[in-house]
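Coordinates as given in final-v4.tsv (TSV, N, CA, C and O atoms):
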```tsv
chain	number	residue	atom	x	y	z
K	1	MET	N	2.92	1.17	-12.08
K	1	MET	CA	3.90	0.46	-12.86
K	1	MET	C	4.43	-0.71	-12.02
K	1	MET	O	4.66	-0.56	-10.82
K	2	TYR	N	4.63	-1.83	-12.67
K	2	TYR	CA	5.20	-2.99	-11.98
K	2	TYR	C	6.71	-2.88	-11.94
K	2	TYR	O	7.36	-2.62	-12.95
K	3	ILE	N	7.26	-3.08	-10.76
K	3	ILE	CA	8.71	-3.11	-10.57
K	3	ILE	C	9.22	-4.54	-10.68
K	3	ILE	O	10.21	-4.81	-11.31
K	4	CYS	N	8.50	-5.45	-10.06
K	4	CYS	CA	8.87	-6.87	-10.09
K	4	CYS	C	7.73	-7.64	-10.76
K	4	CYS	O	6.66	-7.81	-10.18
K	5	ILE	N	7.99	-8.07	-11.99
K	5	ILE	CA	6.99	-8.82	-12.73
K	5	ILE	C	6.79	-10.21	-12.10
K	5	ILE	O	5.66	-10.69	-11.99
K	6	CYS	N	7.87	-10.83	-11.66
K	6	CYS	CA	7.79	-12.19	-11.10
K	6	CYS	C	6.84	-12.26	-9.90
K	6	CYS	O	6.15	-13.25	-9.72
K	7	ASN	N	6.85	-11.20	-9.08
K	7	ASN	CA	6.03	-11.18	-7.87
K	7	ASN	C	4.86	-10.21	-7.95
K	7	ASN	O	4.15	-10.01	-6.96
K	8	ALA	N	4.68	-9.58	-9.09
K	8	ALA	CA	3.60	-8.59	-9.29
K	8	ALA	C	3.65	-7.50	-8.22
K	8	ALA	O	2.64	-7.13	-7.64
K	9	ILE	N	4.86	-6.96	-7.97
K	9	ILE	CA	5.03	-5.88	-7.00
K	9	ILE	C	5.01	-4.56	-7.77
K	9	ILE	O	5.84	-4.34	-8.65
K	10	ARG	N	4.06	-3.73	-7.43
K	10	ARG	CA	3.93	-2.42	-8.06
K	10	ARG	C	4.79	-1.39	-7.33
K	10	ARG	O	5.12	-1.56	-6.16
K	11	GLU	N	5.13	-0.33	-8.03
K	11	GLU	CA	5.94	0.73	-7.44
K	11	GLU	C	5.28	1.31	-6.20
K	11	GLU	O	5.95	1.53	-5.18
K	12	CYS	N	3.97	1.53	-6.25
K	12	CYS	CA	3.27	2.10	-5.08
K	12	CYS	C	3.35	1.16	-3.88
K	12	CYS	O	3.48	1.62	-2.74
K	13	ASP	N	3.30	-0.15	-4.11
K	13	ASP	CA	3.42	-1.12	-3.02
K	13	ASP	C	4.83	-1.08	-2.42
K	13	ASP	O	4.99	-1.14	-1.20
K	14	LEU	N	5.81	-0.97	-3.29
K	14	LEU	CA	7.20	-0.93	-2.83
K	14	LEU	C	7.47	0.35	-2.04
K	14	LEU	O	8.10	0.32	-0.99
K	15	ARG	N	6.94	1.47	-2.51
K	15	ARG	CA	7.12	2.74	-1.80
K	15	ARG	C	6.45	2.70	-0.42
K	15	ARG	O	7.00	3.17	0.57
K	16	ARG	N	5.28	2.11	-0.35
K	16	ARG	CA	4.57	1.98	0.93
K	16	ARG	C	5.38	1.11	1.89
K	16	ARG	O	5.54	1.44	3.06
K	17	ALA	N	5.90	0.01	1.39
K	17	ALA	CA	6.69	-0.90	2.22
K	17	ALA	C	8.00	-0.26	2.67
K	17	ALA	O	8.47	-0.53	3.77
K	18	ALA	N	8.56	0.61	1.83
K	18	ALA	CA	9.83	1.28	2.17
K	18	ALA	C	9.70	2.11	3.43
K	18	ALA	O	10.67	2.27	4.17
K	19	ARG	N	8.51	2.64	3.68
K	19	ARG	CA	8.30	3.51	4.84
K	19	ARG	C	8.23	2.73	6.16
K	19	ARG	O	8.41	3.31	7.22
K	20	CYS	N	7.96	1.44	6.09
K	20	CYS	CA	7.81	0.68	7.35
K	20	CYS	C	8.73	-0.54	7.45
K	20	CYS	O	8.79	-1.14	8.52
K	21	CYS	N	9.43	-0.88	6.39
K	21	CYS	CA	10.31	-2.05	6.41
K	21	CYS	C	11.75	-1.61	6.18
K	21	CYS	O	12.04	-0.98	5.16
K	22	PRO	N	12.65	-1.92	7.10
K	22	PRO	CA	14.05	-1.57	6.91
K	22	PRO	C	14.75	-2.53	5.95
K	22	PRO	O	14.23	-3.60	5.63
K	23	GLY	N	15.93	-2.14	5.50
K	23	GLY	CA	16.76	-3.03	4.70
K	23	GLY	C	16.68	-2.77	3.22
K	23	GLY	O	16.03	-1.85	2.75
K	24	ASP	N	17.39	-3.64	2.49
K	24	ASP	CA	17.45	-3.52	1.04
K	24	ASP	C	16.21	-4.15	0.40
K	24	ASP	O	15.29	-4.57	1.10
K	25	ALA	N	16.22	-4.21	-0.92
K	25	ALA	CA	15.07	-4.73	-1.65
K	25	ALA	C	14.73	-6.17	-1.23
K	25	ALA	O	13.56	-6.50	-1.04
K	26	GLU	N	15.73	-7.00	-1.07
K	26	GLU	CA	15.46	-8.39	-0.68
K	26	GLU	C	14.78	-8.46	0.68
K	26	GLU	O	13.86	-9.26	0.89
K	27	ALA	N	15.21	-7.62	1.62
K	27	ALA	CA	14.59	-7.60	2.95
K	27	ALA	C	13.16	-7.09	2.88
K	27	ALA	O	12.27	-7.62	3.56
K	28	VAL	N	12.92	-6.08	2.06
K	28	VAL	CA	11.57	-5.53	1.92
K	28	VAL	C	10.67	-6.55	1.23
K	28	VAL	O	9.52	-6.75	1.62
K	29	TYR	N	11.19	-7.23	0.21
K	29	TYR	CA	10.41	-8.28	-0.45
K	29	TYR	C	10.01	-9.34	0.58
K	29	TYR	O	8.87	-9.80	0.61
K	30	ALA	N	10.95	-9.74	1.43
K	30	ALA	CA	10.67	-10.76	2.45
K	30	ALA	C	9.58	-10.28	3.40
K	30	ALA	O	8.70	-11.06	3.77
K	31	ALA	N	9.63	-9.01	3.78
K	31	ALA	CA	8.60	-8.46	4.67
K	31	ALA	C	7.23	-8.46	4.00
K	31	ALA	O	6.21	-8.52	4.67
K	32	MET	N	7.25	-8.43	2.67
K	32	MET	CA	6.01	-8.47	1.90
K	32	MET	C	5.57	-9.91	1.61
K	32	MET	O	4.57	-10.13	0.93
K	33	GLY	N	6.34	-10.88	2.11
K	33	GLY	CA	6.02	-12.28	1.88
K	33	GLY	C	6.45	-12.77	0.50
K	33	GLY	O	5.92	-13.75	0.00
K	34	LYS	N	7.42	-12.09	-0.09
K	34	LYS	CA	7.91	-12.42	-1.44
K	34	LYS	C	9.41	-12.63	-1.40
K	34	LYS	O	10.06	-12.34	-0.41
K	35	ARG	N	9.95	-13.10	-2.51
K	35	ARG	CA	11.40	-13.18	-2.66
K	35	ARG	C	11.73	-12.99	-4.13
K	35	ARG	O	10.93	-13.36	-5.00
K	36	PRO	N	12.88	-12.39	-4.41
K	36	PRO	CA	13.25	-12.17	-5.80
K	36	PRO	C	13.41	-13.50	-6.54
K	36	PRO	O	13.96	-14.45	-5.97
K	37	ASN	N	12.92	-13.55	-7.74
K	37	ASN	CA	13.07	-14.77	-8.54
K	37	ASN	C	14.21	-14.60	-9.54
K	37	ASN	O	15.25	-15.21	-9.39
K	38	CYS	N	14.01	-13.76	-10.54
K	38	CYS	CA	15.05	-13.59	-11.55
K	38	CYS	C	16.08	-12.54	-11.14
K	38	CYS	O	17.20	-12.55	-11.62
K	39	GLY	N	15.70	-11.61	-10.26
K	39	GLY	CA	16.62	-10.60	-9.74
K	39	GLY	C	16.81	-9.38	-10.61
K	39	GLY	O	17.53	-8.46	-10.22
K	40	GLN	N	16.18	-9.31	-11.77
K	40	GLN	CA	16.37	-8.16	-12.65
K	40	GLN	C	15.79	-6.87	-12.08
K	40	GLN	O	16.17	-5.79	-12.49
K	41	CYS	N	14.91	-6.97	-11.12
K	41	CYS	CA	14.25	-5.79	-10.55
K	41	CYS	C	15.01	-5.19	-9.37
K	41	CYS	O	14.71	-4.08	-8.94
K	42	LEU	N	15.97	-5.89	-8.83
K	42	LEU	CA	16.58	-5.49	-7.56
K	42	LEU	C	17.27	-4.14	-7.60
K	42	LEU	O	17.16	-3.35	-6.66
K	43	GLU	N	17.97	-3.83	-8.67
K	43	GLU	CA	18.65	-2.54	-8.75
K	43	GLU	C	17.64	-1.39	-8.74
K	43	GLU	O	17.79	-0.44	-7.97
K	44	GLU	N	16.61	-1.49	-9.55
K	44	GLU	CA	15.59	-0.44	-9.59
K	44	GLU	C	14.82	-0.38	-8.26
K	44	GLU	O	14.52	0.70	-7.76
K	45	ALA	N	14.53	-1.53	-7.69
K	45	ALA	CA	13.82	-1.57	-6.41
K	45	ALA	C	14.64	-0.89	-5.32
K	45	ALA	O	14.09	-0.11	-4.52
K	46	ASN	N	15.94	-1.14	-5.27
K	46	ASN	CA	16.79	-0.49	-4.28
K	46	ASN	C	16.83	1.02	-4.48
K	46	ASN	O	16.84	1.79	-3.52
K	47	GLU	N	16.84	1.48	-5.73
K	47	GLU	CA	16.81	2.91	-6.02
K	47	GLU	C	15.51	3.54	-5.52
K	47	GLU	O	15.52	4.62	-4.94
K	48	ILE	N	14.40	2.86	-5.71
K	48	ILE	CA	13.10	3.36	-5.25
K	48	ILE	C	13.06	3.41	-3.73
K	48	ILE	O	12.57	4.39	-3.15
K	49	LEU	N	13.58	2.38	-3.08
K	49	LEU	CA	13.62	2.37	-1.62
K	49	LEU	C	14.44	3.55	-1.10
K	49	LEU	O	14.01	4.26	-0.18
K	50	PHE	N	15.60	3.77	-1.69
K	50	PHE	CA	16.45	4.88	-1.27
K	50	PHE	C	15.73	6.21	-1.48
K	50	PHE	O	15.72	7.07	-0.59
K	51	GLU	N	15.14	6.38	-2.65
K	51	GLU	CA	14.42	7.61	-2.97
K	51	GLU	C	13.28	7.87	-1.99
K	51	GLU	O	13.10	8.98	-1.50
K	52	GLU	N	12.52	6.85	-1.71
K	52	GLU	CA	11.37	7.00	-0.81
K	52	GLU	C	11.81	7.33	0.61
K	52	GLU	O	11.25	8.20	1.26
K	53	ARG	N	12.83	6.66	1.08
K	53	ARG	CA	13.32	6.89	2.44
K	53	ARG	C	14.00	8.24	2.56
K	53	ARG	O	13.87	8.92	3.58
K	54	GLU	N	14.74	8.65	1.54
K	54	GLU	CA	15.39	9.96	1.56
K	54	GLU	C	14.34	11.06	1.58
K	54	GLU	O	14.48	12.04	2.31
K	55	GLY	N	13.28	10.91	0.82
K	55	GLY	CA	12.19	11.89	0.80
K	55	GLY	C	11.49	12.00	2.13
K	55	GLY	O	11.04	13.08	2.52
K	56	ALA	N	11.41	10.92	2.86
K	56	ALA	CA	10.75	10.92	4.16
K	56	ALA	C	11.59	11.68	5.20
K	56	ALA	O	11.03	12.18	6.18
K	57	LEU	N	12.88	11.80	4.98
K	57	LEU	CA	13.75	12.47	5.93
K	57	LEU	C	13.84	13.97	5.70
K	57	LEU	O	14.25	14.71	6.59
K	58	LEU	N	13.47	14.44	4.51
K	58	LEU	CA	13.57	15.85	4.21
K	58	LEU	C	12.44	16.63	4.90
K	58	LEU	O	11.30	16.19	4.89
K	59	PRO	N	12.78	17.77	5.49
K	59	PRO	CA	11.72	18.57	6.13
K	59	PRO	C	10.80	19.18	5.06
K	59	PRO	O	11.24	19.45	3.94
K	60	ALA	N	9.58	19.40	5.42
K	60	ALA	CA	8.62	20.01	4.49
K	60	ALA	C	9.02	21.46	4.27
K	60	ALA	O	9.43	22.16	5.19
K	61	ARG	N	8.90	21.91	3.03
K	61	ARG	CA	9.26	23.28	2.69
K	61	ARG	C	8.12	24.24	3.04
K	61	ARG	O	6.97	23.91	2.86
K	62	ALA	N	8.50	25.39	3.52
K	62	ALA	CA	7.49	26.42	3.82
K	62	ALA	C	7.06	27.07	2.51
K	62	ALA	O	7.87	27.28	1.62
K	63	ALA	N	5.82	27.39	2.41
K	63	ALA	CA	5.30	27.99	1.17
K	63	ALA	C	5.67	29.43	1.02
K	63	ALA	O	6.05	30.16	1.78
```

Same coordinates, now as structure tokens:
Amino acid sequence: MYICICNAIRECDLRRAARCCPGDAEAVYAAMGKRPNCGQCLEEANEILFEEREGALLPARAA
């Protein structure tokens, strides 16, 4: 699914970038060589970044 239509940034690309790029959506976009154009994606992008980073901090559950 595309998160940012203006820059053709897919959710999987944003999640991958979240694991190696610090900061908010604008900072991650910059690390990807992009910048927000219309800005309508920023709220959802920030939620995805938070979700991805929070998931990376949780310990794996034992089966």

Inset, instruction - Within 6 Å of segment 21-25 of chain K, counting all atoms listed in the file, which residues show up once you throw out same-chain ones fewer than 6 positions away? Write them as a list in words, please. - result: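 Once the nearby chain positions are removed, what remains is Leu42, Ala45 and Asn46 of chain K.
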
Inset, instruction - Would you mind reading off the distance between atom C of Gly33 of chain K and atom O of Leu57 of chain K, one decimal, in Å? - result: 29.2 Å

Inset, instruction - Name the residues of chain K that come out as strand (DSSP E) in a backbone DSSP run; write them as a PyMOL selection string. - result: chain K and resi 2-4+9-10

Inset, instruction - Anything within 12 Å of (8.6, -2.7, 3.9): list those residues as a PyMOL selection string, counting only C-alpha atoms and sticking to the file's coordinates. - result: chain K and resi 9+12-34+45-46+48-49+52-53

Inset, instruction - Quick one: everything within 8 Å of Gln40 of chain K, counting all atoms listed in the file, minus sequence neighbours fewer than 4 positions away in the same chain. Send it as an MDAnalysis selection string. - result: chainID K and resid 3:5 36 44:45

Legend entry - Two-atom distance - atom N of Arg35 of chain K, atom N of Ala8 of chain K (Å): 9.1 Å

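Here atom N of Cys38 of chain K is placed at a distance of 6.4 Å from atom CA of Cys6 of chain K.
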
Legend entry - alpha helix (DSSP H) residues, from DSSP on the backbone, in segment 1-59 of chain K, as a VMD selection string: chain K and resid 11 to 18 25 to 31 42 to 57

What are the centre and edge lengths in Å, to one decimal, of the axis-aligned box around all listed atoms of segment 1-15 of chain K with 3 Å added on each side, as lines of an AutoDock Vina configuration file?
```
center_x = 6.4
center_y = -5.0
center_z = -6.2
size_x = 13.6
size_y = 22.4
size_z = 19.5
```
